[in-house]
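**Student:** One file: target_15.cif (mmCIF, C-alpha atoms).
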```cif
data_my_file
loop_
_atom_site.label_atom_id
_atom_site.label_comp_id
_atom_site.auth_asym_id
_atom_site.auth_seq_id
_atom_site.Cartn_x
_atom_site.Cartn_y
_atom_site.Cartn_z
CA MET W 5 11.83 6.70 -41.94
CA THR W 6 13.71 7.98 -44.98
CA LYS W 7 16.06 5.84 -47.07
CA VAL W 8 18.87 8.28 -46.32
CA LEU W 9 18.47 7.84 -42.56
CA THR W 10 18.18 4.08 -43.00
CA GLY W 11 21.40 4.07 -45.00
CA TYR W 12 23.26 6.00 -42.30
CA LEU W 13 22.02 3.71 -39.54
CA GLU W 14 22.78 0.54 -41.49
CA ALA W 15 26.32 1.83 -42.07
CA TRP W 16 26.65 2.59 -38.38
CA LEU W 17 25.85 -1.03 -37.53
CA LYS W 18 29.34 -1.85 -38.86
CA SER W 19 31.04 1.17 -37.31
CA PRO W 20 34.18 0.70 -35.18
CA TYR W 21 32.62 3.13 -32.70
CA VAL W 22 30.59 1.42 -29.99
CA GLY W 23 28.19 4.33 -29.57
CA ARG W 24 27.21 4.29 -33.22
CA ARG W 25 26.65 0.52 -33.30
CA ARG W 26 24.53 0.68 -30.19
CA LYS W 27 22.50 3.67 -31.34
CA ALA W 28 21.86 2.25 -34.82
CA LEU W 29 20.73 -1.10 -33.42
CA ARG W 30 18.43 0.56 -30.90
CA ILE W 31 16.81 2.95 -33.41
CA LEU W 32 16.37 0.37 -36.18
CA GLY W 33 14.94 -2.04 -33.63
CA LYS W 34 12.45 0.60 -32.49
CA TYR W 35 11.38 1.29 -36.06
CA ALA W 36 11.05 -2.43 -36.77
CA VAL W 37 8.72 -2.84 -33.79
CA GLN W 38 6.61 0.00 -35.21
CA GLY W 39 6.54 -1.73 -38.63
CA LYS W 40 8.70 0.92 -40.29
CA TYR W 41 11.72 -1.30 -40.91
CA ASP W 42 12.38 -4.91 -41.92
CA ARG W 43 11.94 -6.98 -38.75
CA LYS W 44 13.72 -10.04 -40.11
CA ALA W 45 16.76 -8.00 -41.10
CA ILE W 46 17.19 -6.29 -37.73
CA PHE W 47 16.40 -9.53 -35.88
CA GLU W 48 19.29 -11.26 -37.68
CA THR W 49 21.54 -8.27 -36.99
CA ALA W 50 20.64 -8.37 -33.29
CA LYS W 51 21.44 -12.09 -33.16
CA ARG W 52 24.94 -11.38 -34.45
CA ALA W 53 25.28 -8.39 -32.12
CA LEU W 54 24.78 -10.67 -29.11
CA ASN W 55 28.42 -11.65 -29.72
CA ASP W 56 29.69 -8.06 -29.99
CA LYS W 57 32.84 -7.40 -27.97
CA ASP W 58 31.16 -4.46 -26.20
CA TRP W 59 28.60 -5.28 -23.51
CA LYS W 60 26.51 -2.18 -24.24
CA VAL W 61 25.85 -3.40 -27.78
CA ARG W 62 25.04 -6.89 -26.49
CA ALA W 63 22.59 -5.41 -23.97
CA VAL W 64 20.74 -3.52 -26.73
CA ALA W 65 20.78 -6.64 -28.93
CA ALA W 66 19.05 -8.69 -26.21
CA SER W 67 16.35 -6.04 -25.84
CA VAL W 68 15.81 -5.77 -29.61
CA ILE W 69 15.42 -9.54 -29.98
CA ALA W 70 12.78 -9.62 -27.25
CA ASP W 71 10.97 -6.52 -28.53
CA ILE W 72 10.76 -7.87 -32.10
CA ALA W 73 9.36 -11.17 -30.81
CA ASN W 74 6.92 -9.30 -28.60
CA ALA W 75 5.66 -7.39 -31.65
CA ASP W 76 5.61 -10.39 -34.01
CA LYS W 77 4.87 -13.85 -32.62
CA ASN W 78 6.56 -15.48 -35.61
CA PHE W 79 9.89 -14.65 -33.95
CA ALA W 80 8.87 -15.78 -30.45
CA SER W 81 10.14 -19.34 -30.47
CA GLU W 82 13.54 -18.51 -31.92
CA ALA W 83 13.94 -15.43 -29.73
CA PHE W 84 13.17 -17.43 -26.59
CA THR W 85 15.71 -20.10 -27.47
CA ILE W 86 18.41 -17.55 -28.35
CA LEU W 87 18.04 -15.58 -25.14
CA TYR W 88 17.69 -18.65 -22.95
CA ASN W 89 20.87 -20.21 -24.35
CA HIS W 90 22.81 -16.94 -24.26
CA LEU W 91 21.99 -16.29 -20.60
CA GLU W 92 24.33 -19.02 -19.38
CA LYS W 93 27.39 -17.88 -21.33
CA GLU W 94 26.89 -14.14 -20.88
CA LYS W 95 29.02 -12.76 -18.06
CA HIS W 96 28.19 -9.06 -17.93
CA PRO W 97 25.43 -8.39 -15.35
CA ASN W 98 23.74 -5.60 -17.31
CA VAL W 99 23.40 -7.81 -20.36
CA ARG W 100 22.10 -10.64 -18.18
CA GLY W 101 19.53 -8.26 -16.72
CA ASN W 102 18.30 -7.36 -20.21
CA ILE W 103 18.12 -11.04 -21.18
CA LEU W 104 16.03 -11.82 -18.10
CA ARG W 105 13.68 -8.93 -18.87
CA GLY W 106 13.49 -10.13 -22.45
CA LEU W 107 12.56 -13.65 -21.34
CA SER W 108 9.87 -12.21 -19.07
CA LYS W 109 8.24 -10.60 -22.13
CA LEU W 110 8.32 -13.89 -24.02
CA VAL W 111 6.63 -15.87 -21.26
CA ASP W 112 3.42 -14.10 -22.34
CA ILE W 113 3.85 -15.08 -25.97
CA LYS W 114 5.20 -18.59 -25.91
CA GLU W 115 4.73 -21.05 -23.09
CA PRO W 116 8.32 -22.01 -22.35
CA PHE W 117 9.09 -25.69 -22.66
CA ASN W 118 11.33 -25.40 -19.61
CA ALA W 119 9.30 -23.28 -17.19
CA LYS W 120 10.68 -25.24 -14.24
CA ASN W 121 14.22 -24.31 -15.25
CA LEU W 122 13.21 -20.67 -15.64
CA PHE W 123 11.79 -20.63 -12.12
CA GLU W 124 15.07 -22.06 -10.78
CA ILE W 125 17.15 -19.58 -12.79
CA GLY W 126 15.05 -16.64 -11.57
CA LEU W 127 15.19 -17.71 -7.92
CA ASP W 128 18.93 -18.29 -8.11
CA LEU W 129 19.74 -14.98 -9.82
CA LEU W 130 17.50 -13.13 -7.38
CA LYS W 131 20.37 -13.58 -4.91
CA SER W 132 22.78 -11.72 -7.22
CA PRO W 133 24.52 -8.68 -5.72
CA ASN W 134 23.89 -6.82 -8.99
CA GLY W 135 20.69 -4.75 -8.99
CA ASP W 136 20.10 -5.11 -12.73
CA VAL W 137 20.22 -8.92 -12.53
CA ARG W 138 17.87 -8.90 -9.54
CA HIS W 139 15.48 -6.58 -11.38
CA GLY W 140 15.42 -8.91 -14.38
CA SER W 141 14.88 -11.91 -12.08
CA ILE W 142 11.97 -10.18 -10.35
CA GLN W 143 10.29 -9.46 -13.68
CA LEU W 144 10.86 -13.00 -14.95
CA LEU W 145 9.56 -14.67 -11.77
CA SER W 146 6.51 -12.39 -11.68
CA GLN W 147 5.54 -13.22 -15.26
CA LEU W 148 6.06 -16.93 -14.63
CA VAL W 149 3.76 -16.77 -11.61
CA ILE W 150 1.13 -14.74 -13.47
CA ASN W 151 1.14 -17.07 -16.46
CA PHE W 152 1.39 -20.44 -14.71
CA GLY W 153 -0.09 -19.78 -11.26
CA GLU W 154 2.62 -21.92 -9.69
CA ARG W 155 5.04 -21.44 -6.77
CA ILE W 156 3.27 -18.23 -5.75
CA ASN W 157 4.21 -18.44 -2.07
CA GLU W 158 7.81 -19.34 -2.86
CA VAL W 159 8.27 -16.42 -5.24
CA LEU W 160 6.57 -13.88 -2.98
CA SER W 161 8.60 -15.11 0.00
CA SER W 162 11.77 -14.64 -2.03
CA PHE W 163 10.69 -11.07 -2.82
CA ASP W 164 10.04 -10.48 0.87
CA ALA W 165 13.50 -11.79 1.73
CA ILE W 166 15.36 -9.32 -0.51
CA LEU W 167 13.22 -6.26 0.26
CA PRO W 168 15.21 -5.00 3.28
CA GLU W 169 18.45 -4.80 1.26
CA SER W 170 16.89 -3.51 -1.97
CA PRO W 171 17.12 0.13 -3.13
CA PRO W 172 13.89 2.16 -3.49
CA LEU W 173 13.52 1.63 -7.26
CA LEU W 174 13.71 -2.13 -6.84
CA LYS W 175 11.27 -2.09 -3.91
CA LYS W 176 8.88 -0.03 -6.00
CA GLU W 177 9.03 -2.60 -8.80
CA ILE W 178 8.46 -5.48 -6.39
CA LEU W 179 5.37 -3.79 -4.94
CA ARG W 180 3.98 -3.09 -8.42
CA LEU W 181 4.53 -6.64 -9.65
CA MET W 182 3.08 -8.10 -6.45
CA ARG W 183 -0.05 -6.09 -7.17
CA GLU W 184 -0.29 -7.76 -10.58
CA ILE W 185 0.11 -11.19 -8.99
CA TYR W 186 -2.50 -10.40 -6.32
CA THR W 187 -4.96 -9.17 -8.95
CA LYS W 188 -4.81 -12.53 -10.73
CA TYR W 189 -4.40 -14.81 -7.70
CA PRO W 190 -5.88 -12.92 -4.73
CA ASN W 191 -6.47 -15.89 -2.46
CA ASP W 192 -3.04 -17.44 -2.95
CA SER W 193 -1.10 -14.22 -2.48
CA LEU W 194 -3.20 -12.29 0.06
CA GLU W 195 -1.17 -13.00 3.19
CA LEU W 196 2.22 -11.96 1.86
CA PHE W 197 0.80 -9.16 -0.28
CA THR W 198 -0.84 -7.64 2.81
CA LYS W 199 2.25 -8.10 4.99
CA ILE W 200 4.65 -6.50 2.52
CA THR W 201 2.23 -3.67 1.72
CA MET W 202 1.72 -2.74 5.38
CA GLU W 203 5.46 -2.87 6.12
CA SER W 204 6.23 -0.73 3.07
CA LEU W 205 3.87 2.00 4.28
CA LYS W 206 6.45 2.74 6.98
CA GLU W 207 9.14 3.61 4.41
CA ASN W 208 10.32 7.17 3.80
CA SER W 209 10.93 6.94 0.06
CA TYR W 210 8.11 8.38 -2.01
CA LEU W 211 8.82 5.78 -4.71
CA ILE W 212 7.93 2.99 -2.29
CA LEU W 213 5.05 4.83 -0.63
CA GLU W 214 3.35 5.52 -3.95
CA GLU W 215 3.15 1.81 -4.78
CA ALA W 216 2.34 0.75 -1.22
CA LEU W 217 -0.62 3.14 -1.13
CA ALA W 218 -1.83 1.83 -4.50
CA ASN W 219 -1.70 -1.68 -3.02
CA LEU W 220 -3.50 -0.52 0.11
CA SER W 221 -6.36 0.94 -1.94
CA ILE W 222 -6.89 -2.44 -3.65
CA LEU W 223 -6.93 -4.30 -0.33
CA ILE W 224 -9.50 -1.84 1.01
CA ARG W 225 -11.72 -2.08 -2.08
CA ASP W 226 -11.58 -5.87 -1.82
CA ARG W 227 -12.54 -5.58 1.87
CA LYS W 228 -9.44 -7.48 2.94
CA LEU W 229 -8.51 -4.90 5.57
CA ALA W 230 -10.61 -3.53 8.41
CA LEU W 231 -10.99 0.24 8.33
CA ASP W 232 -9.56 0.84 11.79
CA ASN W 233 -8.26 4.10 13.22
CA ASP W 234 -4.64 3.28 12.40
CA ILE W 235 -5.35 3.02 8.66
CA ILE W 236 -7.62 6.07 8.65
CA MET W 237 -4.99 8.22 10.34
CA LEU W 238 -2.12 6.81 8.28
CA VAL W 239 -3.85 7.90 5.08
CA ARG W 240 -4.55 11.30 6.61
CA ARG W 241 -0.82 11.77 7.24
CA LYS W 242 0.05 10.72 3.68
CA LEU W 243 -2.36 13.33 2.30
CA ARG W 244 -0.02 15.90 3.83
CA SER W 245 3.12 14.47 2.27
CA GLU W 246 5.51 16.88 0.59
CA LYS W 247 5.63 14.58 -2.45
CA ILE W 248 2.99 15.00 -5.16
CA ALA W 249 3.02 11.30 -6.07
CA VAL W 250 2.31 10.29 -2.47
CA LYS W 251 -0.56 12.77 -2.15
CA ILE W 252 -2.15 11.50 -5.35
CA ALA W 253 -1.77 7.87 -4.21
CA ALA W 254 -3.26 8.80 -0.82
CA LEU W 255 -6.27 10.33 -2.56
CA GLY W 256 -6.68 6.96 -4.30
CA VAL W 257 -6.88 5.30 -0.88
CA VAL W 258 -9.42 7.89 0.31
CA ASP W 259 -11.44 7.08 -2.81
CA ALA W 260 -11.40 3.39 -1.84
CA ILE W 261 -12.33 4.15 1.77
CA LEU W 262 -15.29 6.35 0.81
CA SER W 263 -16.54 3.69 -1.60
CA ILE W 264 -16.82 1.41 1.44
CA GLU W 265 -17.98 3.90 4.07
CA PRO W 266 -18.77 7.54 3.14
CA LYS W 267 -18.90 8.70 6.77
CA TYR W 268 -15.09 8.50 6.88
CA ALA W 269 -15.09 11.69 4.82
CA ASP W 270 -15.09 13.32 8.26
CA ALA W 271 -11.39 12.37 8.55
CA TYR W 272 -10.35 13.91 5.23
CA LEU W 273 -12.57 16.78 4.12
CA ASP W 274 -10.66 19.40 6.12
CA ILE W 275 -7.43 18.49 4.29
CA ILE W 276 -9.14 18.10 0.91
CA GLY W 277 -10.97 21.40 1.31
CA ARG W 278 -8.63 23.91 2.93
CA GLU W 279 -5.25 22.39 2.13
CA ILE W 280 -5.69 20.82 -1.30
CA LEU W 281 -8.47 22.72 -3.06
CA LEU W 282 -7.56 26.15 -1.68
CA LYS W 283 -3.81 26.07 -1.02
CA GLU W 284 -2.26 23.34 -3.16
CA LYS W 285 -0.43 24.67 -6.22
CA ASN W 286 -0.29 21.40 -8.14
CA ARG W 287 -3.27 21.27 -10.48
CA ARG W 288 -3.24 17.50 -10.93
CA ILE W 289 -3.88 17.02 -7.22
CA LYS W 290 -6.73 19.53 -7.28
CA ILE W 291 -8.32 17.70 -10.21
CA ARG W 292 -7.96 14.31 -8.47
CA ALA W 293 -9.55 15.71 -5.31
CA LEU W 294 -12.44 17.24 -7.24
CA GLU W 295 -13.02 14.02 -9.20
CA LEU W 296 -13.09 12.12 -5.91
CA LEU W 297 -15.76 14.49 -4.56
CA VAL W 298 -17.83 14.17 -7.74
CA ARG W 299 -17.87 10.39 -7.28
CA HIS W 300 -18.77 10.40 -3.58
CA ILE W 301 -20.41 13.65 -2.54
CA ASP W 302 -23.95 12.30 -3.07
CA ARG W 303 -23.31 9.67 -0.39
CA ILE W 304 -21.37 11.78 2.10
CA PRO W 305 -23.61 12.94 4.98
CA ARG W 306 -24.57 16.59 4.44
CA ASP W 307 -23.66 17.61 7.98
CA ILE W 308 -20.04 16.58 7.31
CA ILE W 309 -20.00 18.57 4.05
CA TYR W 310 -21.32 21.68 5.80
CA GLN W 311 -19.07 21.20 8.84
CA TYR W 312 -15.99 21.65 6.65
CA ARG W 313 -17.61 24.41 4.55
CA ILE W 314 -17.09 22.54 1.32
CA PRO W 315 -19.66 24.68 -0.58
CA ARG W 316 -17.76 27.86 0.31
CA VAL W 317 -14.43 26.20 -0.62
CA LEU W 318 -15.85 25.27 -4.04
CA ASP W 319 -17.23 28.78 -4.51
CA ILE W 320 -13.82 30.33 -3.75
CA LEU W 321 -12.11 27.85 -6.04
CA ASP W 322 -14.48 28.64 -8.90
CA LEU W 323 -14.19 32.42 -8.47
CA ASN W 324 -10.38 32.34 -8.30
CA THR W 325 -9.76 29.97 -11.19
CA VAL W 326 -9.19 31.63 -14.55
CA PRO W 327 -9.60 28.94 -17.26
CA LYS W 328 -6.59 29.86 -19.37
CA ASN W 329 -5.50 26.25 -19.99
CA ASP W 330 -7.05 22.77 -19.99
CA GLU W 331 -6.17 21.93 -16.39
CA LEU W 332 -7.59 25.19 -15.01
CA ARG W 333 -10.67 24.77 -17.19
CA THR W 334 -11.20 21.28 -15.75
CA ILE W 335 -10.80 22.56 -12.19
CA LYS W 336 -13.39 25.30 -12.76
CA GLU W 337 -15.85 22.94 -14.44
CA LEU W 338 -15.59 20.31 -11.71
CA ALA W 339 -16.00 22.92 -8.97
CA ARG W 340 -19.20 24.17 -10.63
CA ILE W 341 -20.55 20.66 -11.16
CA LEU W 342 -20.10 19.95 -7.46
CA LEU W 343 -21.49 23.25 -6.26
CA GLU W 344 -24.40 23.71 -8.62
CA ARG W 345 -25.46 20.25 -9.82
CA LYS W 346 -24.48 18.07 -6.88
CA LEU W 347 -25.12 20.44 -3.98
CA GLY W 348 -27.82 22.56 -5.62
CA TYR W 349 -26.38 26.04 -5.08
CA ASP W 350 -27.85 28.51 -7.54
CA TYR W 351 -26.63 32.09 -8.00
CA ALA W 352 -28.60 33.46 -5.06
CA ALA W 353 -27.43 30.67 -2.74
CA ARG W 354 -23.83 31.30 -3.75
CA ILE W 355 -24.18 35.00 -2.92
CA ARG W 356 -25.47 34.04 0.55
CA LEU W 357 -22.43 31.79 1.02
CA ARG W 358 -20.14 34.79 0.69
CA VAL W 359 -21.86 36.80 3.38
CA GLY W 360 -22.59 33.92 5.70
#
```
Written as structure tokens, how would this file's structure read?

**Tutor:**
Amino acid sequence: MTKVLTGYLEAWLKSPYVGRRRKALRILGKYAVQGKYDRKAIFETAKRALNDKDWKVRAVAASVIADIANADKNFASEAFTILYNHLEKEKHPNVRGNILRGLSKLVDIKEPFNAKNLFEIGLDLLKSPNGDVRHGSIQLLSQLVINFGERINEVLSSFDAILPESPPLLKKEILRLMREIYTKYPNDSLELFTKITMESLKENSYLILEEALANLSILIRDRKLALDNDIIMLVRRKLRSEKIAVKIAALGVVDAILSIEPKYADAYLDIIGREILLKEKNRRIKIRALELLVRHIDRIPRDIIYQYRIPRVLDILDLNTVPKNDELRTIKELARILLERKLGYDYAARIRLRVG
């Protein structure tokens, strides 16, 4: 960062215009985190800015204080105390949300001397009608659980209680953070994690479905769910979703299912072959599907592979893919790996495929 730019931004910190103060604080804070600006200087500025008359500046100040402490542990203790004490007197919900998110980052760095109080604060503010405050509370409670391994059932039950009234973005965040909790404490969180995951799979929002399917794949890999017909067919339906993110997440579940039992490829190869590899326009989905086949095709029964004409699908895909960019090049290479190395089709065998 040049001295000229620094000079402009430092001058803006004292500007009467809110937008300039906010922007200068945010940019200098970002550069300080990257080691391109004096962390102590911007930390002190952010402390003063917590008392700015405009809530937008105060919100940025709270984030900068937490980010500096997250980058440099020497600031952690002071940052924690500042944010913790400011939370009670701050009235604007958006600033309170940023403070809660800031405290959640500091739980990792410095074991709070008042973890019990933080749990109580998080659980209380989880009932707030403001979405930003609830989001901050969810993040704080999740990090407390992950770091201390306490009150797991209570926190997950509180998440379950607010799910029905939460908007999709908040539900998505809850499902993601529950996955982190389950990963660290699988036995203590399994029951509620499974319940909330299965209920969320009935939602219409792709934001929720993407996370619910990611959770489902973990439960399947951990053999915590029986591979019954309902789950097999549910994943089949999600593979046909109109949303790219849901299709990709569904392929992740198929990957988990095939790692447990390859014969279930019978339920998915028609969609993967005809609908994804041949008709899907999104290249990322094609690549994910091909990578899945590379991992599992050696274990999938050959009669299932031939039943859905996967060799011919791969041959068509290879012939019709012109490698004019990295994604198309990857698609072509993976198709050839599957066809030639994995399935053993040489040039003559591929010619026979086209007339068969």

**Student:** In Å to one decimal, how far is CA of Leu17 (chain W) from CA of Thr49 (chain W)?

**Tutor:**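 These atoms are spaced 8.4 Å apart.
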
**Student:** Determine the residue set returned by the PyMOL selection byres ((chain W and resi 335-351) around 6) for the present structure, and present it as a CSV table (one decimal) with C-alpha atoms, in the frame of the given file.

**Tutor:**
```csv
chain,number,residue,atom,x,y,z
W,291,ILE,CA,-8.3,17.7,-10.2
W,318,LEU,CA,-15.8,25.3,-4.0
W,322,ASP,CA,-14.5,28.6,-8.9
W,332,LEU,CA,-7.6,25.2,-15.0
W,333,ARG,CA,-10.7,24.8,-17.2
W,334,THR,CA,-11.2,21.3,-15.8
W,352,ALA,CA,-28.6,33.5,-5.1
W,353,ALA,CA,-27.4,30.7,-2.7
W,354,ARG,CA,-23.8,31.3,-3.8
```

**Student:** Could you state which residues are captured by the PyMOL selection byres ((chain W and resi 131-148) around 6) in this file, as a ChimeraX atom specification?

**Tutor:** /W:97-98,101,104-105,108,126,128-130,149-152

**Student:** Which residues come within 8 Å of Val68 (chain W), counting all atoms listed in the file, excluding same-chain residues fewer than 5 positions away, as a list in words?

**Tutor:**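 Residues near the query, excluding close chain neighbours: Leu29, Arg30, Gly33, Lys34, Phe47 and Ala50 of chain W.
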
**Student:** Expand the PyMOL selection byres ((chain W and resi 184) around 12) into the explicit residue set it covers here, and present it as a tab-separated table (two decimals) with C-alpha atoms, in the frame of the given file.

**Tutor:**
```
chain	number	residue	atom	x	y	z
W	143	GLN	CA	10.29	-9.46	-13.68
W	146	SER	CA	6.51	-12.39	-11.68
W	147	GLN	CA	5.54	-13.22	-15.26
W	148	LEU	CA	6.06	-16.93	-14.63
W	149	VAL	CA	3.76	-16.77	-11.61
W	150	ILE	CA	1.13	-14.74	-13.47
W	151	ASN	CA	1.14	-17.07	-16.46
W	160	LEU	CA	6.57	-13.88	-2.98
W	177	GLU	CA	9.03	-2.60	-8.80
W	178	ILE	CA	8.46	-5.48	-6.39
W	179	LEU	CA	5.37	-3.79	-4.94
W	180	ARG	CA	3.98	-3.09	-8.42
W	181	LEU	CA	4.53	-6.64	-9.65
W	182	MET	CA	3.08	-8.10	-6.45
W	183	ARG	CA	-0.05	-6.09	-7.17
W	185	ILE	CA	0.11	-11.19	-8.99
W	186	TYR	CA	-2.50	-10.40	-6.32
W	187	THR	CA	-4.96	-9.17	-8.95
W	188	LYS	CA	-4.81	-12.53	-10.73
W	189	TYR	CA	-4.40	-14.81	-7.70
W	190	PRO	CA	-5.88	-12.92	-4.73
W	193	SER	CA	-1.10	-14.22	-2.48
W	194	LEU	CA	-3.20	-12.29	0.06
W	197	PHE	CA	0.80	-9.16	-0.28
W	215	GLU	CA	3.15	1.81	-4.78
W	218	ALA	CA	-1.83	1.83	-4.50
W	219	ASN	CA	-1.70	-1.68	-3.02
W	222	ILE	CA	-6.89	-2.44	-3.65
```

**Student:** Region 214-222 of chain W, all listed atoms, 5 Å padding on each side: what axis-aligned box centre and edge lengths in Å to one decimal come out, as AutoDock Vina command-line options?

**Tutor:**
```
--center_x -1.8 --center_y 1.5 --center_z -2.3 --size_x 20.2 --size_y 18.0 --size_z 14.9
```

**Student:** As an exercise, work out the distance from CA of Val239 (chain W) to CA of Ala254 (chain W) in Å and give it to one decimal place.

**Tutor:**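 That distance, rounded to one decimal, is 6.0 Å.
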
**Student:** Which one of W:Thr10, W:Asn102, W:Asn89, W:Gln38 sits closest to Asp76 (chain W) if you count all atoms listed in the file?

**Tutor:**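 Distance minimum relative to Asp76 (chain W) lands on W:Gln38.
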
**Student:** For Leu196 (chain W), which residue out of W:Ile320, W:Leu211, W:Ala165, W:Ala53 is the nearest one, using all atoms listed in the file?

**Tutor:**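 Selected residue with least distance to Leu196 (chain W): W:Ala165.
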
**Student:** So what do you get for CA of Ala271 (chain W) versus CA of Lys175 (chain W), distance-wise?

**Tutor:**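 Separation of CA of Ala271 (chain W) and CA of Lys175 (chain W): 29.6 Å.
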
**Student:** Please list as a PyMOL selection string every residue within 9 Å of region 262-266 of chain W, counting all atoms listed in the file and excluding residues in the same chain fewer than 4 positions away.

**Tutor:** chain W and resi 224-225+227+231+257-258+270+299-301+303-305

**Student:** Would you mind exporting C-alpha atoms of the selected residues as a PDB file, keeping the file's coordinate frame?

**Tutor:**
```
ATOM      1  CA  ILE W 224      -9.500  -1.840   1.010  1.00  0.00           C
ATOM      2  CA  ARG W 225     -11.720  -2.080  -2.080  1.00  0.00           C
ATOM      3  CA  ARG W 227     -12.540  -5.580   1.870  1.00  0.00           C
ATOM      4  CA  LEU W 231     -10.990   0.240   8.330  1.00  0.00           C
ATOM      5  CA  VAL W 257      -6.880   5.300  -0.880  1.00  0.00           C
ATOM      6  CA  VAL W 258      -9.420   7.890   0.310  1.00  0.00           C
ATOM      7  CA  ASP W 270     -15.090  13.320   8.260  1.00  0.00           C
ATOM      8  CA  ARG W 299     -17.870  10.390  -7.280  1.00  0.00           C
ATOM      9  CA  HIS W 300     -18.770  10.400  -3.580  1.00  0.00           C
ATOM     10  CA  ILE W 301     -20.410  13.650  -2.540  1.00  0.00           C
ATOM     11  CA  ARG W 303     -23.310   9.670  -0.390  1.00  0.00           C
ATOM     12  CA  ILE W 304     -21.370  11.780   2.100  1.00  0.00           C
ATOM     13  CA  PRO W 305     -23.610  12.940   4.980  1.00  0.00           C
TER      14      PRO W 305
END
```

**Student:** Could you tell me which of W:Arg313, W:Lys93, W:Lys251, W:Arg292 comes closest to Gly277 (chain W) if we count only C-alpha atoms?

**Tutor:**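 Ranking W:Arg313, W:Lys93, W:Lys251, W:Arg292 by distance to Gly277 (chain W), first place goes to W:Arg313.
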
**Student:** Kindly reconstruct region 209-221 of chain W with N, CA, C and O atoms and present the result as a PDB file, keeping the file's coordinate frame.

**Tutor:**
```
ATOM      1  N   SER W 209      10.800   6.637   1.482  1.00  0.00           N
ATOM      2  CA  SER W 209      10.930   6.940   0.060  1.00  0.00           C
ATOM      3  C   SER W 209       9.556   7.087  -0.599  1.00  0.00           C
ATOM      4  O   SER W 209       8.690   6.218  -0.470  1.00  0.00           O
ATOM      5  N   TYR W 210       9.383   8.179  -1.334  1.00  0.00           N
ATOM      6  CA  TYR W 210       8.110   8.380  -2.010  1.00  0.00           C
ATOM      7  C   TYR W 210       7.875   7.342  -3.102  1.00  0.00           C
ATOM      8  O   TYR W 210       6.729   7.011  -3.419  1.00  0.00           O
ATOM      9  N   LEU W 211       8.956   6.811  -3.682  1.00  0.00           N
ATOM     10  CA  LEU W 211       8.820   5.780  -4.710  1.00  0.00           C
ATOM     11  C   LEU W 211       8.131   4.542  -4.144  1.00  0.00           C
ATOM     12  O   LEU W 211       7.250   3.940  -4.782  1.00  0.00           O
ATOM     13  N   ILE W 212       8.515   4.169  -2.937  1.00  0.00           N
ATOM     14  CA  ILE W 212       7.930   2.990  -2.290  1.00  0.00           C
ATOM     15  C   ILE W 212       6.524   3.310  -1.801  1.00  0.00           C
ATOM     16  O   ILE W 212       5.589   2.521  -1.985  1.00  0.00           O
ATOM     17  N   LEU W 213       6.351   4.470  -1.181  1.00  0.00           N
ATOM     18  CA  LEU W 213       5.050   4.830  -0.630  1.00  0.00           C
ATOM     19  C   LEU W 213       3.968   4.907  -1.702  1.00  0.00           C
ATOM     20  O   LEU W 213       2.823   4.509  -1.476  1.00  0.00           O
ATOM     21  N   GLU W 214       4.326   5.413  -2.870  1.00  0.00           N
ATOM     22  CA  GLU W 214       3.350   5.520  -3.950  1.00  0.00           C
ATOM     23  C   GLU W 214       2.765   4.158  -4.304  1.00  0.00           C
ATOM     24  O   GLU W 214       1.541   4.005  -4.438  1.00  0.00           O
ATOM     25  N   GLU W 215       3.624   3.148  -4.438  1.00  0.00           N
ATOM     26  CA  GLU W 215       3.150   1.810  -4.780  1.00  0.00           C
ATOM     27  C   GLU W 215       2.453   1.138  -3.608  1.00  0.00           C
ATOM     28  O   GLU W 215       1.445   0.437  -3.786  1.00  0.00           O
ATOM     29  N   ALA W 216       2.974   1.356  -2.402  1.00  0.00           N
ATOM     30  CA  ALA W 216       2.340   0.750  -1.220  1.00  0.00           C
ATOM     31  C   ALA W 216       0.930   1.283  -1.021  1.00  0.00           C
ATOM     32  O   ALA W 216       0.004   0.523  -0.668  1.00  0.00           O
ATOM     33  N   LEU W 217       0.729   2.563  -1.256  1.00  0.00           N
ATOM     34  CA  LEU W 217      -0.620   3.140  -1.130  1.00  0.00           C
ATOM     35  C   LEU W 217      -1.549   2.612  -2.224  1.00  0.00           C
ATOM     36  O   LEU W 217      -2.736   2.384  -1.973  1.00  0.00           O
ATOM     37  N   ALA W 218      -1.017   2.414  -3.427  1.00  0.00           N
ATOM     38  CA  ALA W 218      -1.830   1.830  -4.500  1.00  0.00           C
ATOM     39  C   ALA W 218      -2.265   0.418  -4.110  1.00  0.00           C
ATOM     40  O   ALA W 218      -3.415   0.009  -4.351  1.00  0.00           O
ATOM     41  N   ASN W 219      -1.355  -0.343  -3.487  1.00  0.00           N
ATOM     42  CA  ASN W 219      -1.700  -1.680  -3.020  1.00  0.00           C
ATOM     43  C   ASN W 219      -2.735  -1.631  -1.906  1.00  0.00           C
ATOM     44  O   ASN W 219      -3.668  -2.446  -1.852  1.00  0.00           O
ATOM     45  N   LEU W 220      -2.564  -0.670  -1.008  1.00  0.00           N
ATOM     46  CA  LEU W 220      -3.500  -0.520   0.110  1.00  0.00           C
ATOM     47  C   LEU W 220      -4.912  -0.232  -0.399  1.00  0.00           C
ATOM     48  O   LEU W 220      -5.891  -0.778   0.117  1.00  0.00           O
ATOM     49  N   SER W 221      -5.036   0.600  -1.415  1.00  0.00           N
ATOM     50  CA  SER W 221      -6.360   0.940  -1.940  1.00  0.00           C
ATOM     51  C   SER W 221      -7.063  -0.306  -2.498  1.00  0.00           C
ATOM     52  O   SER W 221      -8.279  -0.467  -2.346  1.00  0.00           O
TER      53      SER W 221
END
```
